[in-house]
Amino acid sequence: MEQSGTSTRLQAAVQDLASGVVSALRGGDHAHVVPPVGTDGEAGDLALAAVRVLGADALLPGLLSRTPPDPAELAVFRKAVEAYPPRADAAPTVRWSHWAMARTLRRADPSSAEPPAEP
């Protein structure tokens with residue numbers, strides 16, 4: 001039942017990241033909530049997947065407070081965008097979420113690659 005264990009760990013990673021976003025939005029003293037962790041191994045994979053689940057909201061606190069993006073945070077966000085593109089048969093909500101992440105990345109880091117295609 002590795003699938004179940006992985007699902008539980010992903011759920012915990014998403015909850016931790018979402019809690020950090022909520023705390024920052026409530027004035028929790030930190031605008032950068034995307035963990036600038038290495039993206040190797042299971043912990044890194046879970047961090048990338050958690051960022052992908054939260055989507056563009058993962059960068060919301062820093063963007064709203066007009067805090068310059070942390071390069072390590074942007075690197076993790078960029079890797080999440082690149083690692084989890086929507087499949088051809090993805091639901092419209094998945095395509096829109098990915099488009100929003102790519103657009104947010106482009107705005108936060110104008111040196112990013114090509115502009116996102118419309119979903």
# chains A, B, ... in the order shown; residues from 1 in each chain; ligands from 1
>>> residues_around(residues="Ala108 in chain A", least_positions_apart="4", cutoff="10 Å", atoms="only C-alpha atoms", output="PyMOL selection string")
chain A and resi 59+62-63+68-71+74+102-104+112
>>> write_last_selection(atoms="all heavy atoms", output="PDB file, in the first residue's frame")
ATOM      1  N   LEU A  59       2.612  31.424  -4.245  1.00  0.00           N
ATOM      2  CA  LEU A  59       3.401  32.663  -4.262  1.00  0.00           C
ATOM      3  C   LEU A  59       2.590  33.890  -3.872  1.00  0.00           C
ATOM      4  O   LEU A  59       3.120  35.002  -3.843  1.00  0.00           O
ATOM      5  CB  LEU A  59       4.009  32.892  -5.653  1.00  0.00           C
ATOM      6  CG  LEU A  59       5.063  31.904  -6.108  1.00  0.00           C
ATOM      7  CD1 LEU A  59       5.581  32.286  -7.497  1.00  0.00           C
ATOM      8  CD2 LEU A  59       6.221  31.832  -5.134  1.00  0.00           C
ATOM      9  N   GLY A  62       3.863  36.714  -1.057  1.00  0.00           N
ATOM     10  CA  GLY A  62       4.934  37.590  -1.513  1.00  0.00           C
ATOM     11  C   GLY A  62       4.481  38.568  -2.581  1.00  0.00           C
ATOM     12  O   GLY A  62       4.868  39.736  -2.584  1.00  0.00           O
ATOM     13  N   LEU A  63       3.629  38.093  -3.483  1.00  0.00           N
ATOM     14  CA  LEU A  63       3.140  38.964  -4.547  1.00  0.00           C
ATOM     15  C   LEU A  63       2.241  40.064  -3.993  1.00  0.00           C
ATOM     16  O   LEU A  63       2.340  41.220  -4.415  1.00  0.00           O
ATOM     17  CB  LEU A  63       2.401  38.148  -5.604  1.00  0.00           C
ATOM     18  CG  LEU A  63       3.258  37.159  -6.388  1.00  0.00           C
ATOM     19  CD1 LEU A  63       2.393  36.275  -7.276  1.00  0.00           C
ATOM     20  CD2 LEU A  63       4.301  37.891  -7.217  1.00  0.00           C
ATOM     21  N   PRO A  68      10.085  41.240  -3.074  1.00  0.00           N
ATOM     22  CA  PRO A  68      10.810  40.645  -4.196  1.00  0.00           C
ATOM     23  C   PRO A  68      10.897  39.126  -4.021  1.00  0.00           C
ATOM     24  O   PRO A  68      11.146  38.639  -2.925  1.00  0.00           O
ATOM     25  CB  PRO A  68      12.208  41.272  -4.115  1.00  0.00           C
ATOM     26  CG  PRO A  68      12.023  42.504  -3.315  1.00  0.00           C
ATOM     27  CD  PRO A  68      10.875  42.239  -2.372  1.00  0.00           C
ATOM     28  N   PRO A  69      10.661  38.404  -5.096  1.00  0.00           N
ATOM     29  CA  PRO A  69      10.679  36.947  -4.983  1.00  0.00           C
ATOM     30  C   PRO A  69      12.061  36.421  -4.644  1.00  0.00           C
ATOM     31  O   PRO A  69      13.071  36.917  -5.134  1.00  0.00           O
ATOM     32  CB  PRO A  69      10.225  36.465  -6.356  1.00  0.00           C
ATOM     33  CG  PRO A  69      10.409  37.616  -7.266  1.00  0.00           C
ATOM     34  CD  PRO A  69      10.377  38.857  -6.438  1.00  0.00           C
ATOM     35  N   ASP A  70      12.081  35.442  -3.784  1.00  0.00           N
ATOM     36  CA  ASP A  70      13.318  34.787  -3.405  1.00  0.00           C
ATOM     37  C   ASP A  70      13.725  33.852  -4.551  1.00  0.00           C
ATOM     38  O   ASP A  70      12.903  33.055  -5.016  1.00  0.00           O
ATOM     39  CB  ASP A  70      13.095  33.991  -2.120  1.00  0.00           C
ATOM     40  CG  ASP A  70      14.321  33.239  -1.687  1.00  0.00           C
ATOM     41  OD1 ASP A  70      15.367  33.887  -1.492  1.00  0.00           O
ATOM     42  OD2 ASP A  70      14.231  32.004  -1.541  1.00  0.00           O
ATOM     43  N   PRO A  71      14.969  33.930  -5.036  1.00  0.00           N
ATOM     44  CA  PRO A  71      15.375  33.068  -6.154  1.00  0.00           C
ATOM     45  C   PRO A  71      15.207  31.576  -5.874  1.00  0.00           C
ATOM     46  O   PRO A  71      14.809  30.822  -6.762  1.00  0.00           O
ATOM     47  CB  PRO A  71      16.845  33.424  -6.360  1.00  0.00           C
ATOM     48  CG  PRO A  71      16.993  34.799  -5.814  1.00  0.00           C
ATOM     49  CD  PRO A  71      16.014  34.881  -4.671  1.00  0.00           C
ATOM     50  N   LEU A  74      11.494  30.790  -6.214  1.00  0.00           N
ATOM     51  CA  LEU A  74      11.127  30.760  -7.628  1.00  0.00           C
ATOM     52  C   LEU A  74      11.644  29.501  -8.318  1.00  0.00           C
ATOM     53  O   LEU A  74      10.974  28.957  -9.193  1.00  0.00           O
ATOM     54  CB  LEU A  74      11.657  31.999  -8.357  1.00  0.00           C
ATOM     55  CG  LEU A  74      10.885  33.282  -8.119  1.00  0.00           C
ATOM     56  CD1 LEU A  74      11.576  34.446  -8.826  1.00  0.00           C
ATOM     57  CD2 LEU A  74       9.451  33.158  -8.589  1.00  0.00           C
ATOM     58  N   ALA A 102       2.167  29.198 -14.640  1.00  0.00           N
ATOM     59  CA  ALA A 102       3.150  29.661 -15.625  1.00  0.00           C
ATOM     60  C   ALA A 102       3.104  31.177 -15.770  1.00  0.00           C
ATOM     61  O   ALA A 102       4.143  31.843 -15.854  1.00  0.00           O
ATOM     62  CB  ALA A 102       2.916  28.982 -16.965  1.00  0.00           C
ATOM     63  N   ARG A 103       1.914  31.733 -15.764  1.00  0.00           N
ATOM     64  CA  ARG A 103       1.775  33.189 -15.886  1.00  0.00           C
ATOM     65  C   ARG A 103       2.322  33.898 -14.640  1.00  0.00           C
ATOM     66  O   ARG A 103       3.001  34.914 -14.737  1.00  0.00           O
ATOM     67  CB  ARG A 103       0.316  33.539 -16.104  1.00  0.00           C
ATOM     68  CG  ARG A 103       0.131  35.013 -16.327  1.00  0.00           C
ATOM     69  CD  ARG A 103      -1.274  35.340 -16.689  1.00  0.00           C
ATOM     70  NE  ARG A 103      -1.399  36.788 -16.748  1.00  0.00           N
ATOM     71  CZ  ARG A 103      -2.133  37.415 -17.598  1.00  0.00           C
ATOM     72  NH1 ARG A 103      -2.831  36.745 -18.476  1.00  0.00           N
ATOM     73  NH2 ARG A 103      -2.198  38.722 -17.582  1.00  0.00           N
ATOM     74  N   THR A 104       2.035  33.349 -13.473  1.00  0.00           N
ATOM     75  CA  THR A 104       2.561  33.917 -12.229  1.00  0.00           C
ATOM     76  C   THR A 104       4.081  33.856 -12.212  1.00  0.00           C
ATOM     77  O   THR A 104       4.743  34.821 -11.822  1.00  0.00           O
ATOM     78  CB  THR A 104       1.979  33.165 -11.014  1.00  0.00           C
ATOM     79  OG1 THR A 104       0.562  33.302 -11.032  1.00  0.00           O
ATOM     80  CG2 THR A 104       2.529  33.701  -9.709  1.00  0.00           C
ATOM     81  N   SER A 112      11.941  34.214 -17.112  1.00  0.00           N
ATOM     82  CA  SER A 112      11.438  32.863 -17.342  1.00  0.00           C
ATOM     83  C   SER A 112      11.223  32.623 -18.830  1.00  0.00           C
ATOM     84  O   SER A 112      11.132  33.563 -19.616  1.00  0.00           O
ATOM     85  CB  SER A 112      10.124  32.636 -16.599  1.00  0.00           C
ATOM     86  OG  SER A 112      10.365  32.608 -15.222  1.00  0.00           O
TER      87      SER A 112
END
>>> residues_around(residues="Arg9 in chain A", least_positions_apart="6", cutoff="12 Å", atoms="only C-alpha atoms", output="list in words")
Glu2, Gln3, Gln15, Asp16, Glu42, Ala43, Gly44, Asp45, Leu46, Ala47, Ala49 and Ala50 of chain A
>>> residues_around(residues="range 85-94 of chain A", least_positions_apart="3", cutoff="12 Å", atoms="only C-alpha atoms", output="count of residues only")
20
>>> atom_distance(atom1="CA of Tyr84 in chain A", atom2="CA of Ala24 in chain A")
25.3 Å
>>> residues_around(residues="Leu60 in chain A", least_positions_apart="5", cutoff="10 Å", atoms="only C-alpha atoms", output="ChimeraX atom specification")
/A:21-22,24-25,31-33,55,65-66,104
>>> write_last_selection(atoms="N, CA and C atoms", output="CSV table (one decimal), in the first residue's frame")
chain,number,residue,atom,x,y,z
A,21,VAL,N,0.9,29.6,3.8
A,21,VAL,CA,0.3,30.6,2.9
A,21,VAL,C,-0.7,31.4,3.8
A,22,VAL,N,-1.6,30.6,4.5
A,22,VAL,CA,-2.6,31.3,5.3
A,22,VAL,C,-2.0,32.1,6.4
A,24,ALA,N,1.0,33.6,6.4
A,24,ALA,CA,1.6,34.8,5.8
A,24,ALA,C,0.5,35.8,5.4
A,25,LEU,N,-0.6,35.3,4.9
A,25,LEU,CA,-1.7,36.2,4.5
A,25,LEU,C,-2.3,36.9,5.7
A,31,ALA,N,6.7,36.4,4.1
A,31,ALA,CA,6.0,36.4,2.8
A,31,ALA,C,6.4,35.2,2.0
A,32,HIS,N,7.5,34.6,2.2
A,32,HIS,CA,8.0,33.5,1.4
A,32,HIS,C,7.6,32.2,2.1
A,33,VAL,N,6.8,31.4,1.5
A,33,VAL,CA,6.3,30.2,2.1
A,33,VAL,C,6.7,28.9,1.3
A,55,GLY,N,-0.8,25.5,-6.5
A,55,GLY,CA,-0.8,26.4,-7.7
A,55,GLY,C,-0.2,27.7,-7.5
A,65,SER,N,2.3,41.3,-1.0
A,65,SER,CA,3.1,42.2,-0.2
A,65,SER,C,4.1,43.0,-1.0
A,66,ARG,N,4.2,42.6,-2.3
A,66,ARG,CA,5.2,43.2,-3.2
A,66,ARG,C,6.6,43.0,-2.7
A,104,THR,N,2.0,33.3,-13.5
A,104,THR,CA,2.6,33.9,-12.2
A,104,THR,C,4.1,33.9,-12.2
>>> atom_distance(atom1="CA of Thr67 in chain A", atom2="CA of Ala83 in chain A")
25.6 Å
>>> atom_distance(atom1="CA of Leu105 in chain A", atom2="CA of Ala56 in chain A")
8.2 Å
>>> decode(residues="range 74-113 of chain A", atoms="N, CA and C atoms", output="tab-separated table (two decimals), in the first residue's frame")
chain	number	residue	atom	x	y	z
A	74	LEU	N	11.49	30.79	-6.21
A	74	LEU	CA	11.13	30.76	-7.63
A	74	LEU	C	11.64	29.50	-8.32
A	75	ALA	N	12.82	29.05	-7.93
A	75	ALA	CA	13.37	27.84	-8.53
A	75	ALA	C	12.49	26.63	-8.23
A	76	VAL	N	12.01	26.52	-6.99
A	76	VAL	CA	11.13	25.41	-6.63
A	76	VAL	C	9.81	25.55	-7.39
A	77	PHE	N	9.27	26.76	-7.45
A	77	PHE	CA	8.02	27.00	-8.16
A	77	PHE	C	8.18	26.64	-9.64
A	78	ARG	N	9.28	27.07	-10.24
A	78	ARG	CA	9.56	26.77	-11.66
A	78	ARG	C	9.64	25.25	-11.88
A	79	LYS	N	10.34	24.56	-10.98
A	79	LYS	CA	10.45	23.10	-11.12
A	79	LYS	C	9.09	22.43	-11.00
A	80	ALA	N	8.22	22.95	-10.15
A	80	ALA	CA	6.87	22.38	-10.02
A	80	ALA	C	6.09	22.59	-11.31
A	81	VAL	N	6.23	23.76	-11.92
A	81	VAL	CA	5.55	24.02	-13.19
A	81	VAL	C	6.06	23.07	-14.27
A	82	GLU	N	7.37	22.90	-14.32
A	82	GLU	CA	7.96	22.04	-15.35
A	82	GLU	C	7.72	20.56	-15.09
A	83	ALA	N	7.70	20.15	-13.83
A	83	ALA	CA	7.59	18.74	-13.49
A	83	ALA	C	6.18	18.19	-13.66
A	84	TYR	N	5.18	19.06	-13.57
A	84	TYR	CA	3.80	18.59	-13.60
A	84	TYR	C	2.96	19.33	-14.65
A	85	PRO	N	3.33	19.21	-15.93
A	85	PRO	CA	2.48	19.84	-16.95
A	85	PRO	C	1.18	19.04	-17.09
A	86	PRO	N	0.13	19.69	-17.51
A	86	PRO	CA	-1.13	18.96	-17.67
A	86	PRO	C	-1.05	17.99	-18.85
A	87	ARG	N	-1.68	16.84	-18.67
A	87	ARG	CA	-1.75	15.87	-19.76
A	87	ARG	C	-2.72	16.38	-20.82
A	88	ALA	N	-2.67	15.79	-21.98
A	88	ALA	CA	-3.56	16.19	-23.06
A	88	ALA	C	-5.03	16.03	-22.69
A	89	ASP	N	-5.33	15.03	-21.87
A	89	ASP	CA	-6.72	14.79	-21.48
A	89	ASP	C	-7.06	15.38	-20.11
A	90	ALA	N	-6.25	16.33	-19.65
A	90	ALA	CA	-6.47	16.92	-18.33
A	90	ALA	C	-7.77	17.73	-18.30
A	91	ALA	N	-8.35	17.77	-17.13
A	91	ALA	CA	-9.57	18.56	-16.94
A	91	ALA	C	-9.27	20.04	-17.14
A	92	PRO	N	-10.26	20.81	-17.54
A	92	PRO	CA	-10.04	22.25	-17.73
A	92	PRO	C	-9.47	22.94	-16.49
A	93	THR	N	-9.89	22.52	-15.30
A	93	THR	CA	-9.38	23.16	-14.08
A	93	THR	C	-7.88	22.92	-13.93
A	94	VAL	N	-7.41	21.75	-14.33
A	94	VAL	CA	-5.98	21.45	-14.25
A	94	VAL	C	-5.22	22.31	-15.25
A	95	ARG	N	-5.75	22.43	-16.46
A	95	ARG	CA	-5.09	23.27	-17.47
A	95	ARG	C	-5.05	24.73	-17.04
A	96	TRP	N	-6.16	25.23	-16.48
A	96	TRP	CA	-6.19	26.62	-16.01
A	96	TRP	C	-5.21	26.84	-14.86
A	97	SER	N	-5.15	25.89	-13.95
A	97	SER	CA	-4.23	26.00	-12.83
A	97	SER	C	-2.78	26.07	-13.31
A	98	HIS	N	-2.45	25.21	-14.27
A	98	HIS	CA	-1.09	25.22	-14.80
A	98	HIS	C	-0.81	26.53	-15.53
A	99	TRP	N	-1.77	27.00	-16.30
A	99	TRP	CA	-1.61	28.27	-17.01
A	99	TRP	C	-1.38	29.41	-16.00
A	100	ALA	N	-2.14	29.41	-14.91
A	100	ALA	CA	-1.99	30.45	-13.90
A	100	ALA	C	-0.61	30.38	-13.24
A	101	MET	N	-0.14	29.17	-12.99
A	101	MET	CA	1.20	29.03	-12.41
A	101	MET	C	2.27	29.57	-13.37
A	102	ALA	N	2.17	29.20	-14.64
A	102	ALA	CA	3.15	29.66	-15.62
A	102	ALA	C	3.10	31.18	-15.77
A	103	ARG	N	1.91	31.73	-15.76
A	103	ARG	CA	1.78	33.19	-15.89
A	103	ARG	C	2.32	33.90	-14.64
A	104	THR	N	2.04	33.35	-13.47
A	104	THR	CA	2.56	33.92	-12.23
A	104	THR	C	4.08	33.86	-12.21
A	105	LEU	N	4.63	32.75	-12.65
A	105	LEU	CA	6.08	32.61	-12.71
A	105	LEU	C	6.67	33.65	-13.65
A	106	ARG	N	6.05	33.84	-14.79
A	106	ARG	CA	6.55	34.84	-15.76
A	106	ARG	C	6.51	36.24	-15.18
A	107	ARG	N	5.46	36.55	-14.44
A	107	ARG	CA	5.36	37.89	-13.82
A	107	ARG	C	6.37	38.05	-12.68
A	108	ALA	N	6.57	37.01	-11.91
A	108	ALA	CA	7.50	37.08	-10.78
A	108	ALA	C	8.94	37.05	-11.25
A	109	ASP	N	9.18	36.40	-12.38
A	109	ASP	CA	10.53	36.26	-12.92
A	109	ASP	C	10.47	36.46	-14.43
A	110	PRO	N	10.56	37.71	-14.89
A	110	PRO	CA	10.45	37.98	-16.32
A	110	PRO	C	11.48	37.25	-17.19
A	111	SER	N	12.55	36.76	-16.58
A	111	SER	CA	13.55	36.04	-17.37
A	111	SER	C	13.12	34.60	-17.63
A	112	SER	N	11.94	34.21	-17.11
A	112	SER	CA	11.44	32.86	-17.34
A	112	SER	C	11.22	32.62	-18.83
A	113	ALA	N	11.06	31.39	-19.16
A	113	ALA	CA	10.88	30.99	-20.56
A	113	ALA	C	9.65	31.62	-21.18
